[in-house]
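Contents: one structure, followed by commentary.
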Amino acid sequence: MNELTNPALANESLADRIRRKLVRQRFMHHIGANLTTIEPGRVEAELLLEEKHQQHRGFAHGGLVATMADLVAGFAAVTLVPDTVGVVTVELKTSYLHPGVGKKLRAVGWVLKAGRRLHFCESEVWCDDKLIAKASATMAVVEPQ
């Protein structure tokens, strides 16, 4: 059911619409990430670092950092498409600036340019107060079949 078939969904807020979609984001829940800010074209997420998130030297694992960058870039794009339309990552380039050593990751993602078929996004990942990664992502807009 979507906003076209359920009138109640047409009146829900952007944050409520995105949070409804988060129910199916199983990997995000598995790692313990939570969206903290949802605005049109901009999303933030946080994750409390645990031992399970570390690589062999005790830093936040690079895959975790890239996942956080991808998560916020992708959901920033989702905020700009209709409820019936999906978004998938087609390209993600992550640059690691510093090791992730601390208590919390915070990722911020935004849309640079929203297109009909592609959204160009950027994101940053912070560990406590230090910028540890920057990413650029291309998101494909997926129409319902």
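Just remember, in the structure tokens the first chain shown is A, the second B, etc., residues are 1-based per chain, and ligands are 1-based in the order shown.
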
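By chain and then residue number, the residues within 7 Å of segment 103-107 of chain A are Glu44, Ala45, Glu46, Leu47, Leu48, Leu49, Met68, Ala69, Val72, Ser123, Glu124, Val125, Trp126, Cys127 and Asp128 of chain A, counting only C-alpha atoms and disregarding those fewer than 6 positions away in sequence.
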
For segment 14-85 of chain A versus segment 111-122 of chain A, which residues have an atom no more than 12 Å away, and what is each residue's nearest atom pair and distance in Å rounded to one decimal, using only C-alpha atoms, chain-then-number order, as JSON lines?
{"residue": "A:Glu39", "atom": "CA", "partner": "A:Val111", "partner_atom": "CA", "distance": 10.9}
{"residue": "A:Pro40", "atom": "CA", "partner": "A:Val111", "partner_atom": "CA", "distance": 9.0}
{"residue": "A:Gly41", "atom": "CA", "partner": "A:Val111", "partner_atom": "CA", "distance": 5.2}
{"residue": "A:Arg42", "atom": "CA", "partner": "A:Val111", "partner_atom": "CA", "distance": 6.7}
{"residue": "A:Val43", "atom": "CA", "partner": "A:Val111", "partner_atom": "CA", "distance": 9.4}
{"residue": "A:Glu44", "atom": "CA", "partner": "A:Glu122", "partner_atom": "CA", "distance": 11.9}
{"residue": "A:Ala66", "atom": "CA", "partner": "A:Glu122", "partner_atom": "CA", "distance": 11.9}
{"residue": "A:Met68", "atom": "CA", "partner": "A:Glu122", "partner_atom": "CA", "distance": 11.8}
{"residue": "A:Ala69", "atom": "CA", "partner": "A:Glu122", "partner_atom": "CA", "distance": 8.1}
{"residue": "A:Asp70", "atom": "CA", "partner": "A:Glu122", "partner_atom": "CA", "distance": 9.0}
{"residue": "A:Leu71", "atom": "CA", "partner": "A:Glu122", "partner_atom": "CA", "distance": 10.9}
{"residue": "A:Val72", "atom": "CA", "partner": "A:Glu122", "partner_atom": "CA", "distance": 8.8}
{"residue": "A:Ala73", "atom": "CA", "partner": "A:Cys121", "partner_atom": "CA", "distance": 5.7}
{"residue": "A:Gly74", "atom": "CA", "partner": "A:Cys121", "partner_atom": "CA", "distance": 7.9}
{"residue": "A:Phe75", "atom": "CA", "partner": "A:Val111", "partner_atom": "CA", "distance": 9.5}
{"residue": "A:Ala76", "atom": "CA", "partner": "A:Val111", "partner_atom": "CA", "distance": 6.1}
{"residue": "A:Ala77", "atom": "CA", "partner": "A:Val111", "partner_atom": "CA", "distance": 6.1}
{"residue": "A:Val78", "atom": "CA", "partner": "A:His119", "partner_atom": "CA", "distance": 9.5}
{"residue": "A:Thr79", "atom": "CA", "partner": "A:Val111", "partner_atom": "CA", "distance": 9.5}
{"residue": "A:Leu80", "atom": "CA", "partner": "A:Ala114", "partner_atom": "CA", "distance": 7.6}
{"residue": "A:Val81", "atom": "CA", "partner": "A:Ala114", "partner_atom": "CA", "distance": 9.1}
{"residue": "A:Pro82", "atom": "CA", "partner": "A:Arg116", "partner_atom": "CA", "distance": 11.7}
{"residue": "A:Val85", "atom": "CA", "partner": "A:Arg117", "partner_atom": "CA", "distance": 10.9}

So how many Å separate atom CA of Val87 of chain A and atom CA of Thr67 of chain A, to one decimal?
15.4 Å

Can you pull out the residues contacting segment 53-64 of chain A? Cut-off 6 Å, using only C-alpha atoms, and skip same-chain residues under 2 positions away; I want them as a PyMOL selection string.
chain A and resi 50-51+66-67+99-101

Residues of chain A in strand (DSSP E), written as a ChimeraX atom specification:
/A:34-39,42-48,86-96,104-114,118-127,130-142

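The residue that comes closest to Gly102 of chain A, out of A:Ala33, A:Leu131, A:Ala137, A:Leu14 and on the basis of only C-alpha atoms, is A:Leu131.
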
Test item: residues at most 10 Å from Leu22 of chain A, only C-alpha atoms, excluding those fewer than 5 positions along its chain, as a PDB file with C-alpha atoms, in the first residue's frame:
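Everything below was put into around03.pdb:
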ATOM      1  CA  ASP A  16       7.254   9.550   9.250  1.00  0.00           C
ATOM      2  CA  ARG A  17       7.466   8.387   5.626  1.00  0.00           C
ATOM      3  CA  MET A  28      21.082  -0.656   9.403  1.00  0.00           C
ATOM      4  CA  HIS A  29      19.323  -2.089  12.453  1.00  0.00           C
ATOM      5  CA  ASN A  34      19.683   5.322  13.793  1.00  0.00           C
ATOM      6  CA  LEU A  35      18.573   8.285  11.709  1.00  0.00           C
ATOM      7  CA  PHE A  75      18.220   8.295   2.477  1.00  0.00           C
TER       8      PHE A  75
END

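Of note, atom CA of Val108 of chain A and atom CA of Pro144 of chain A are spaced 27.8 Å apart.
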
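Atom CA of Ser95 of chain A to atom CA of Gly109 of chain A spans 14.5 Å [interatomic distance, one decimal].
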